[in-house]
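**Q** Sharing a structure with you now.
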Amino acid sequence: MQASVTVTPDQLPELLLHVAVVRPVFLWGAPGIGKSSLVRTFADSLGLDCVTLLGTQLAPEDLIGVPQIVDGRSRFAPPELIARAQPYCLFLDELNAASPEVQKSFYSLILDRRIGTYELPEGSVVIGAGNRATDNALARPMASALVNRMVHLHLRADVDDWLKWAAVNDIHPWVIRYLTQRPDHLWSAPPKTEAPFSTPRGWHMLSDALYSCGDDIDDTTLNVLATGTLTLGHASGFRAFVKTVRHAFDLDAVFKGDAAWPRDPADRDLLYFLAETMRARLVKDLPGDREHTSAAVRRFVLRAKSLLVELAEISVECAQLVIAADAEGVPVLPSWFLIEVSRDLPRLAARR
């Protein structure tokens, strides 16, 4: 299921507070963006225990329970995990990865809050979550009868929300600083092959590994950890960033004139990282309309063009990377800036 309307992690708790307390909610989102942890945090905020059922590990009888004889009649006794006397949060994780039979067994629980004769205590909430088929994750079609029993929210990864969370959850400073410079590297679409890809969960795992290894981690080990948790290109960028940290060398120093572009062939990965960082800086800081540029922005533009000339002397390819269009051929920098580059740096414009 896809949707053009999405919510960020910061927006989700308020929505759940108003919606999940009156109707079941299903939370859609890509793998690794924090759906499960957000639900558990929400349950904690209400003072409710969070009982998690994994759709991929259930059979219908696990939910319905086993029959027993009471007063000469048979009835099904739901499992103790579900049949509680106090209100709680029932979290149906990976619900849309469950078999059709298991999905059917949830119908009455989700809509009527009942299994057989057992009814969820007043004040309980029911929240489901799952990945989308387009994420190359295990996901089965959800029957329309089940879809129509829930309110559907679509979660997206948001770097500002994640960085605020990271700042108070002991995420490694290297990870925070890198994603502050390269916010576009927080998340990448799952690949069609079996390969690591970047997600908030992946960055969290890398942070834990970095703390375990210590800041004196050697480059070989760093490479193993980064490529084992992130998209290959993001892993390469992170390694280059760590090199800048260790040499007190970053793009701000280059812009201020306190450092020059690295020229040593052994530092080519560092040069690419700085070029990509400069591109991200221009995308972020250049206004769309030249008419509204301030004096400070005009000075920034002059310095940027001067640095592009210096960069092209070392590597035309890296300089071209700064101003290149995206994968679909759409320019990412403002047209007025690209026109100035074409006029003032014809060598780059000819290759663009």
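Residue numbering restarts at 1 for every chain of the structure tokens, chains are lettered A, B, ... in their displayed order, and ligands are numbered from 1 as they appear.
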Check segment 126-250 of chain A with DSSP on the backbone and list each residue it calls helix (DSSP H, G or I), as a PyMOL selection string.
**A** chain A and resi 133-135+144-147+159-167+173-181+183-185+200-213+219-227+232-246
**Q** Would you list the contacts of Val283 of chain A as a list in words, taking every protein, DNA or RNA residue within 7 Å and counting only C-alpha atoms, but skipping same-chain residues closer than 4 positions in sequence?
**A**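 Residues meeting the cut-off are Arg279, Val332 and Leu333 of chain A.
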**Q** Mind listing the strand (DSSP E) residues of segment 5-242 of chain A, per DSSP on the backbone, as a ChimeraX atom specification?
**A** /A:25-28,50-54,66-70,73-77,89-93,114-115,118-119,125-130,151-154
**Q** Write the selection just made, keeping N, CA, C and O atoms, as a short mmCIF file (atom, residue, chain, number, x, y, z; two decimals), in the first residue's frame?
**A**
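Listing of result_23.cif after writing:
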```
data_model
loop_
_atom_site.label_atom_id
_atom_site.label_comp_id
_atom_site.auth_asym_id
_atom_site.auth_seq_id
_atom_site.Cartn_x
_atom_site.Cartn_y
_atom_site.Cartn_z
N VAL A 25 -5.48 0.99 14.58
CA VAL A 25 -4.62 1.71 13.64
C VAL A 25 -3.64 0.73 13.01
O VAL A 25 -3.13 -0.18 13.70
N PHE A 26 -3.37 0.90 11.72
CA PHE A 26 -2.31 0.13 11.07
C PHE A 26 -1.25 1.10 10.57
O PHE A 26 -1.56 2.07 9.87
N LEU A 27 -0.01 0.83 10.96
CA LEU A 27 1.12 1.71 10.65
C LEU A 27 1.96 1.08 9.54
O LEU A 27 2.56 0.02 9.73
N TRP A 28 1.99 1.75 8.40
CA TRP A 28 2.78 1.29 7.26
C TRP A 28 4.12 2.01 7.24
O TRP A 28 4.23 3.17 7.62
N CYS A 50 2.86 -3.24 26.61
CA CYS A 50 2.78 -3.47 25.17
C CYS A 50 2.99 -4.96 24.91
O CYS A 50 4.07 -5.50 25.15
N VAL A 51 1.94 -5.62 24.45
CA VAL A 51 2.00 -7.05 24.13
C VAL A 51 2.15 -7.19 22.63
O VAL A 51 1.27 -6.78 21.86
N THR A 52 3.28 -7.74 22.18
CA THR A 52 3.58 -7.83 20.76
C THR A 52 3.33 -9.24 20.24
O THR A 52 3.83 -10.21 20.82
N LEU A 53 2.57 -9.34 19.17
CA LEU A 53 2.37 -10.60 18.45
C LEU A 53 2.95 -10.43 17.05
O LEU A 53 2.62 -9.47 16.36
N LEU A 54 3.82 -11.34 16.65
CA LEU A 54 4.42 -11.29 15.32
C LEU A 54 3.61 -12.14 14.36
O LEU A 54 3.48 -13.35 14.55
N VAL A 66 -7.32 -22.76 22.71
CA VAL A 66 -7.69 -24.19 22.65
C VAL A 66 -9.08 -24.37 23.28
O VAL A 66 -9.48 -23.63 24.18
N PRO A 67 -9.83 -25.37 22.83
CA PRO A 67 -11.17 -25.59 23.40
C PRO A 67 -11.08 -26.23 24.78
O PRO A 67 -10.17 -27.00 25.07
N GLN A 68 -12.03 -25.87 25.64
CA GLN A 68 -12.12 -26.49 26.95
C GLN A 68 -13.61 -26.63 27.30
O GLN A 68 -14.47 -25.92 26.76
N ILE A 69 -13.90 -27.55 28.21
CA ILE A 69 -15.28 -27.81 28.61
C ILE A 69 -15.59 -27.04 29.89
O ILE A 69 -14.89 -27.18 30.90
N VAL A 70 -16.63 -26.24 29.84
CA VAL A 70 -17.09 -25.46 31.00
C VAL A 70 -18.59 -25.67 31.14
O VAL A 70 -19.35 -25.33 30.22
N ARG A 73 -20.25 -27.46 28.34
CA ARG A 73 -20.19 -26.85 27.02
C ARG A 73 -18.73 -26.52 26.67
O ARG A 73 -17.92 -26.24 27.56
N SER A 74 -18.45 -26.56 25.38
CA SER A 74 -17.08 -26.24 24.95
C SER A 74 -16.97 -24.76 24.61
O SER A 74 -17.92 -24.14 24.13
N ARG A 75 -15.81 -24.23 24.90
CA ARG A 75 -15.52 -22.86 24.50
C ARG A 75 -14.01 -22.75 24.31
O ARG A 75 -13.24 -23.55 24.83
N PHE A 76 -13.61 -21.76 23.52
CA PHE A 76 -12.19 -21.56 23.28
C PHE A 76 -11.63 -20.60 24.33
O PHE A 76 -12.23 -19.57 24.65
N ALA A 77 -10.48 -20.97 24.84
CA ALA A 77 -9.80 -20.15 25.84
C ALA A 77 -8.62 -19.45 25.18
O ALA A 77 -7.64 -20.09 24.81
N CYS A 89 -1.78 -2.42 25.45
CA CYS A 89 -1.61 -2.13 24.02
C CYS A 89 -1.29 -3.44 23.32
O CYS A 89 -0.26 -4.07 23.59
N LEU A 90 -2.17 -3.86 22.43
CA LEU A 90 -1.94 -5.07 21.64
C LEU A 90 -1.31 -4.64 20.32
O LEU A 90 -1.94 -3.97 19.50
N PHE A 91 -0.06 -5.00 20.14
CA PHE A 91 0.70 -4.60 18.95
C PHE A 91 0.84 -5.79 18.02
O PHE A 91 1.51 -6.77 18.34
N LEU A 92 0.20 -5.70 16.87
CA LEU A 92 0.21 -6.78 15.88
C LEU A 92 1.27 -6.46 14.83
O LEU A 92 0.98 -5.89 13.77
N ASP A 93 2.50 -6.80 15.14
CA ASP A 93 3.62 -6.49 14.25
C ASP A 93 3.66 -7.48 13.09
O ASP A 93 3.35 -8.67 13.26
N ARG A 114 -12.79 -8.46 20.47
CA ARG A 114 -13.27 -9.65 21.14
C ARG A 114 -12.69 -10.90 20.48
O ARG A 114 -12.52 -10.96 19.26
N ILE A 115 -12.37 -11.91 21.32
CA ILE A 115 -12.03 -13.25 20.85
C ILE A 115 -12.92 -14.22 21.61
O ILE A 115 -12.77 -14.38 22.83
N TYR A 118 -13.99 -13.61 25.29
CA TYR A 118 -13.09 -12.64 25.92
C TYR A 118 -13.16 -11.31 25.18
O TYR A 118 -13.11 -11.25 23.95
N GLU A 119 -13.24 -10.23 25.93
CA GLU A 119 -13.27 -8.89 25.36
C GLU A 119 -12.14 -8.07 25.95
O GLU A 119 -11.87 -8.12 27.17
N VAL A 125 -5.72 -0.54 23.55
CA VAL A 125 -5.57 -0.05 22.18
C VAL A 125 -5.00 -1.18 21.32
O VAL A 125 -4.25 -2.03 21.81
N VAL A 126 -5.38 -1.17 20.04
CA VAL A 126 -4.90 -2.17 19.10
C VAL A 126 -4.19 -1.45 17.96
O VAL A 126 -4.78 -0.59 17.29
N ILE A 127 -2.93 -1.79 17.75
CA ILE A 127 -2.13 -1.17 16.69
C ILE A 127 -1.45 -2.26 15.89
O ILE A 127 -0.81 -3.16 16.47
N GLY A 128 -1.57 -2.21 14.59
CA GLY A 128 -0.86 -3.13 13.71
C GLY A 128 0.24 -2.38 12.96
O GLY A 128 0.23 -1.15 12.89
N ALA A 129 1.18 -3.11 12.41
CA ALA A 129 2.26 -2.49 11.63
C ALA A 129 2.77 -3.49 10.61
O ALA A 129 2.68 -4.70 10.81
N GLY A 130 3.31 -2.96 9.53
CA GLY A 130 3.87 -3.84 8.52
C GLY A 130 4.61 -3.07 7.44
O GLY A 130 4.47 -1.84 7.32
N VAL A 151 -7.68 2.23 10.76
CA VAL A 151 -7.23 3.52 10.24
C VAL A 151 -5.77 3.36 9.82
O VAL A 151 -4.95 2.88 10.61
N HIS A 152 -5.44 3.76 8.59
CA HIS A 152 -4.10 3.51 8.05
C HIS A 152 -3.26 4.78 8.06
O HIS A 152 -3.66 5.82 7.53
N LEU A 153 -2.09 4.68 8.68
CA LEU A 153 -1.13 5.79 8.73
C LEU A 153 0.17 5.34 8.07
O LEU A 153 0.61 4.20 8.27
N HIS A 154 0.77 6.22 7.32
CA HIS A 154 1.99 5.90 6.58
C HIS A 154 3.16 6.70 7.15
O HIS A 154 3.17 7.94 7.09
#
```
**Q** With only C-alpha atoms as the counted atoms, please give the residues lying no more than 12 Å from Pro196 of chain A, apart from itself and same-chain residues fewer than 4 positions off, as a PDB file with N, CA, C and O atoms, in the first residue's frame.
**A**
```
ATOM      1  N   PRO A  31      11.154  -0.972   6.096  1.00  0.00           N
ATOM      2  CA  PRO A  31      11.894  -1.638   7.180  1.00  0.00           C
ATOM      3  C   PRO A  31      12.904  -0.696   7.826  1.00  0.00           C
ATOM      4  O   PRO A  31      13.528   0.128   7.153  1.00  0.00           O
ATOM      5  N   GLY A  32      13.052  -0.833   9.139  1.00  0.00           N
ATOM      6  CA  GLY A  32      14.135  -0.146   9.834  1.00  0.00           C
ATOM      7  C   GLY A  32      13.910   1.314  10.157  1.00  0.00           C
ATOM      8  O   GLY A  32      14.857   1.991  10.589  1.00  0.00           O
ATOM      9  N   TRP A 187      18.284   7.270   5.122  1.00  0.00           N
ATOM     10  CA  TRP A 187      17.480   6.140   4.641  1.00  0.00           C
ATOM     11  C   TRP A 187      17.671   5.986   3.143  1.00  0.00           C
ATOM     12  O   TRP A 187      17.821   6.961   2.408  1.00  0.00           O
ATOM     13  N   SER A 188      17.707   4.746   2.702  1.00  0.00           N
ATOM     14  CA  SER A 188      17.734   4.450   1.265  1.00  0.00           C
ATOM     15  C   SER A 188      16.723   3.349   0.986  1.00  0.00           C
ATOM     16  O   SER A 188      16.421   2.530   1.860  1.00  0.00           O
ATOM     17  N   ALA A 189      16.189   3.337  -0.209  1.00  0.00           N
ATOM     18  CA  ALA A 189      15.196   2.330  -0.574  1.00  0.00           C
ATOM     19  C   ALA A 189      15.826   0.937  -0.528  1.00  0.00           C
ATOM     20  O   ALA A 189      16.987   0.759  -0.921  1.00  0.00           O
ATOM     21  N   PRO A 190      15.099  -0.051  -0.025  1.00  0.00           N
ATOM     22  CA  PRO A 190      15.642  -1.418   0.007  1.00  0.00           C
ATOM     23  C   PRO A 190      16.010  -1.893  -1.401  1.00  0.00           C
ATOM     24  O   PRO A 190      15.246  -1.684  -2.342  1.00  0.00           O
ATOM     25  N   PRO A 191      17.177  -2.503  -1.551  1.00  0.00           N
ATOM     26  CA  PRO A 191      17.594  -2.977  -2.873  1.00  0.00           C
ATOM     27  C   PRO A 191      16.856  -4.250  -3.261  1.00  0.00           C
ATOM     28  O   PRO A 191      16.233  -4.909  -2.431  1.00  0.00           O
ATOM     29  N   LYS A 192      16.928  -4.570  -4.530  1.00  0.00           N
ATOM     30  CA  LYS A 192      16.290  -5.796  -5.015  1.00  0.00           C
ATOM     31  C   LYS A 192      17.140  -7.029  -4.734  1.00  0.00           C
ATOM     32  O   LYS A 192      16.687  -8.152  -4.890  1.00  0.00           O
ATOM     33  N   ARG A 201      17.570   2.215  11.765  1.00  0.00           N
ATOM     34  CA  ARG A 201      18.010   1.035  12.527  1.00  0.00           C
ATOM     35  C   ARG A 201      19.456   0.684  12.199  1.00  0.00           C
ATOM     36  O   ARG A 201      20.248   0.347  13.094  1.00  0.00           O
ATOM     37  N   GLY A 202      19.822   0.755  10.917  1.00  0.00           N
ATOM     38  CA  GLY A 202      21.189   0.441  10.514  1.00  0.00           C
ATOM     39  C   GLY A 202      22.203   1.404  11.117  1.00  0.00           C
ATOM     40  O   GLY A 202      23.277   0.992  11.586  1.00  0.00           O
ATOM     41  N   TRP A 203      21.867   2.702  11.128  1.00  0.00           N
ATOM     42  CA  TRP A 203      22.766   3.686  11.740  1.00  0.00           C
ATOM     43  C   TRP A 203      22.892   3.447  13.245  1.00  0.00           C
ATOM     44  O   TRP A 203      23.969   3.638  13.820  1.00  0.00           O
ATOM     45  N   MET A 205      22.660   0.507  14.720  1.00  0.00           N
ATOM     46  CA  MET A 205      23.537  -0.655  14.872  1.00  0.00           C
ATOM     47  C   MET A 205      24.993  -0.267  14.683  1.00  0.00           C
ATOM     48  O   MET A 205      25.877  -0.721  15.431  1.00  0.00           O
ATOM     49  N   LEU A 206      25.273   0.585  13.689  1.00  0.00           N
ATOM     50  CA  LEU A 206      26.644   1.035  13.466  1.00  0.00           C
ATOM     51  C   LEU A 206      27.143   1.812  14.675  1.00  0.00           C
ATOM     52  O   LEU A 206      28.294   1.653  15.105  1.00  0.00           O
ATOM     53  N   VAL A 224      34.446  -2.756   7.378  1.00  0.00           N
ATOM     54  CA  VAL A 224      33.615  -3.951   7.560  1.00  0.00           C
ATOM     55  C   VAL A 224      32.287  -3.588   8.226  1.00  0.00           C
ATOM     56  O   VAL A 224      31.212  -4.028   7.785  1.00  0.00           O
ATOM     57  N   LEU A 225      32.337  -2.782   9.259  1.00  0.00           N
ATOM     58  CA  LEU A 225      31.124  -2.423   9.989  1.00  0.00           C
ATOM     59  C   LEU A 225      30.200  -1.537   9.158  1.00  0.00           C
ATOM     60  O   LEU A 225      28.982  -1.741   9.139  1.00  0.00           O
ATOM     61  N   ALA A 226      30.777  -0.555   8.479  1.00  0.00           N
ATOM     62  CA  ALA A 226      29.958   0.373   7.694  1.00  0.00           C
ATOM     63  C   ALA A 226      29.275  -0.337   6.528  1.00  0.00           C
ATOM     64  O   ALA A 226      28.080  -0.153   6.274  1.00  0.00           O
ATOM     65  N   THR A 227      30.034  -1.170   5.814  1.00  0.00           N
ATOM     66  CA  THR A 227      29.443  -1.874   4.673  1.00  0.00           C
ATOM     67  C   THR A 227      28.502  -2.988   5.115  1.00  0.00           C
ATOM     68  O   THR A 227      27.695  -3.465   4.321  1.00  0.00           O
ATOM     69  N   GLY A 228      28.589  -3.371   6.398  1.00  0.00           N
ATOM     70  CA  GLY A 228      27.689  -4.393   6.916  1.00  0.00           C
ATOM     71  C   GLY A 228      26.379  -3.847   7.440  1.00  0.00           C
ATOM     72  O   GLY A 228      25.472  -4.616   7.782  1.00  0.00           O
ATOM     73  N   THR A 229      26.266  -2.516   7.499  1.00  0.00           N
ATOM     74  CA  THR A 229      25.050  -1.908   8.045  1.00  0.00           C
ATOM     75  C   THR A 229      24.422  -0.867   7.124  1.00  0.00           C
ATOM     76  O   THR A 229      23.267  -0.484   7.325  1.00  0.00           O
ATOM     77  N   LEU A 230      25.151  -0.403   6.120  1.00  0.00           N
ATOM     78  CA  LEU A 230      24.688   0.712   5.290  1.00  0.00           C
ATOM     79  C   LEU A 230      24.777   0.370   3.806  1.00  0.00           C
ATOM     80  O   LEU A 230      25.455  -0.574   3.403  1.00  0.00           O
ATOM     81  N   THR A 231      24.098   1.190   3.017  1.00  0.00           N
ATOM     82  CA  THR A 231      24.278   1.158   1.569  1.00  0.00           C
ATOM     83  C   THR A 231      25.753   1.398   1.253  1.00  0.00           C
ATOM     84  O   THR A 231      26.424   2.173   1.934  1.00  0.00           O
ATOM     85  N   LEU A 232      26.255   0.740   0.218  1.00  0.00           N
ATOM     86  CA  LEU A 232      27.680   0.791  -0.090  1.00  0.00           C
ATOM     87  C   LEU A 232      28.186   2.223  -0.257  1.00  0.00           C
ATOM     88  O   LEU A 232      29.229   2.596   0.281  1.00  0.00           O
ATOM     89  N   GLY A 233      27.443   3.061  -0.984  1.00  0.00           N
ATOM     90  CA  GLY A 233      27.873   4.441  -1.190  1.00  0.00           C
ATOM     91  C   GLY A 233      27.887   5.237   0.102  1.00  0.00           C
ATOM     92  O   GLY A 233      28.786   6.059   0.331  1.00  0.00           O
ATOM     93  N   HIS A 234      26.901   5.002   0.956  1.00  0.00           N
ATOM     94  CA  HIS A 234      26.853   5.698   2.246  1.00  0.00           C
ATOM     95  C   HIS A 234      27.991   5.228   3.148  1.00  0.00           C
ATOM     96  O   HIS A 234      28.556   6.024   3.905  1.00  0.00           O
ATOM     97  N   ALA A 235      28.309   3.942   3.085  1.00  0.00           N
ATOM     98  CA  ALA A 235      29.418   3.413   3.878  1.00  0.00           C
ATOM     99  C   ALA A 235      30.733   4.065   3.468  1.00  0.00           C
ATOM    100  O   ALA A 235      31.555   4.431   4.320  1.00  0.00           O
TER     101      ALA A 235
END
```
**Q** With only C-alpha atoms counted and 12 Å as the cut-off, give the residues of segment 97-215 of chain A in contact with segment 266-275 of chain A, each with its shortest interatomic distance in Å and the pair that gives it, as a tab-separated table.
**A**
```
residue	atom	partner	partner_atom	distance
A:Tyr178	CA	A:Phe273	CA	10.8
A:Gln181	CA	A:Leu274	CA	10.3
A:Arg182	CA	A:Phe273	CA	10.0
```
**Q** What's the 10 Å shell around Leu17 of chain A, counting only C-alpha atoms, without same-chain residues fewer than 6 positions away, as a list in words?
**A**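 Near Leu17 of chain A, the qualifying residues are Phe42, Ala43, Ser45, Leu46 and Val125 of chain A.
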**Q** Quick one: everything within 10 Å of Val175 of chain A, counting only C-alpha atoms, minus sequence neighbours fewer than 6 positions away in the same chain. Send it as a count of residues only.
**A** 11
**Q** Identify, on the basis of only C-alpha atoms, every residue whose closest approach to Thr56 of chain A does not exceed 8 Å; exclude the query and any residue fewer than 5 positions from it along the same chain; express the result as a PyMOL selection string.
**A** chain A and resi 94-95+97-99
**Q** Quick one: everything within 8 Å of Asp158 of chain A, counting only C-alpha atoms, minus sequence neighbours fewer than 4 positions away in the same chain. Send it as an NGL selection string.
**A** :A and (8-9 or 162)
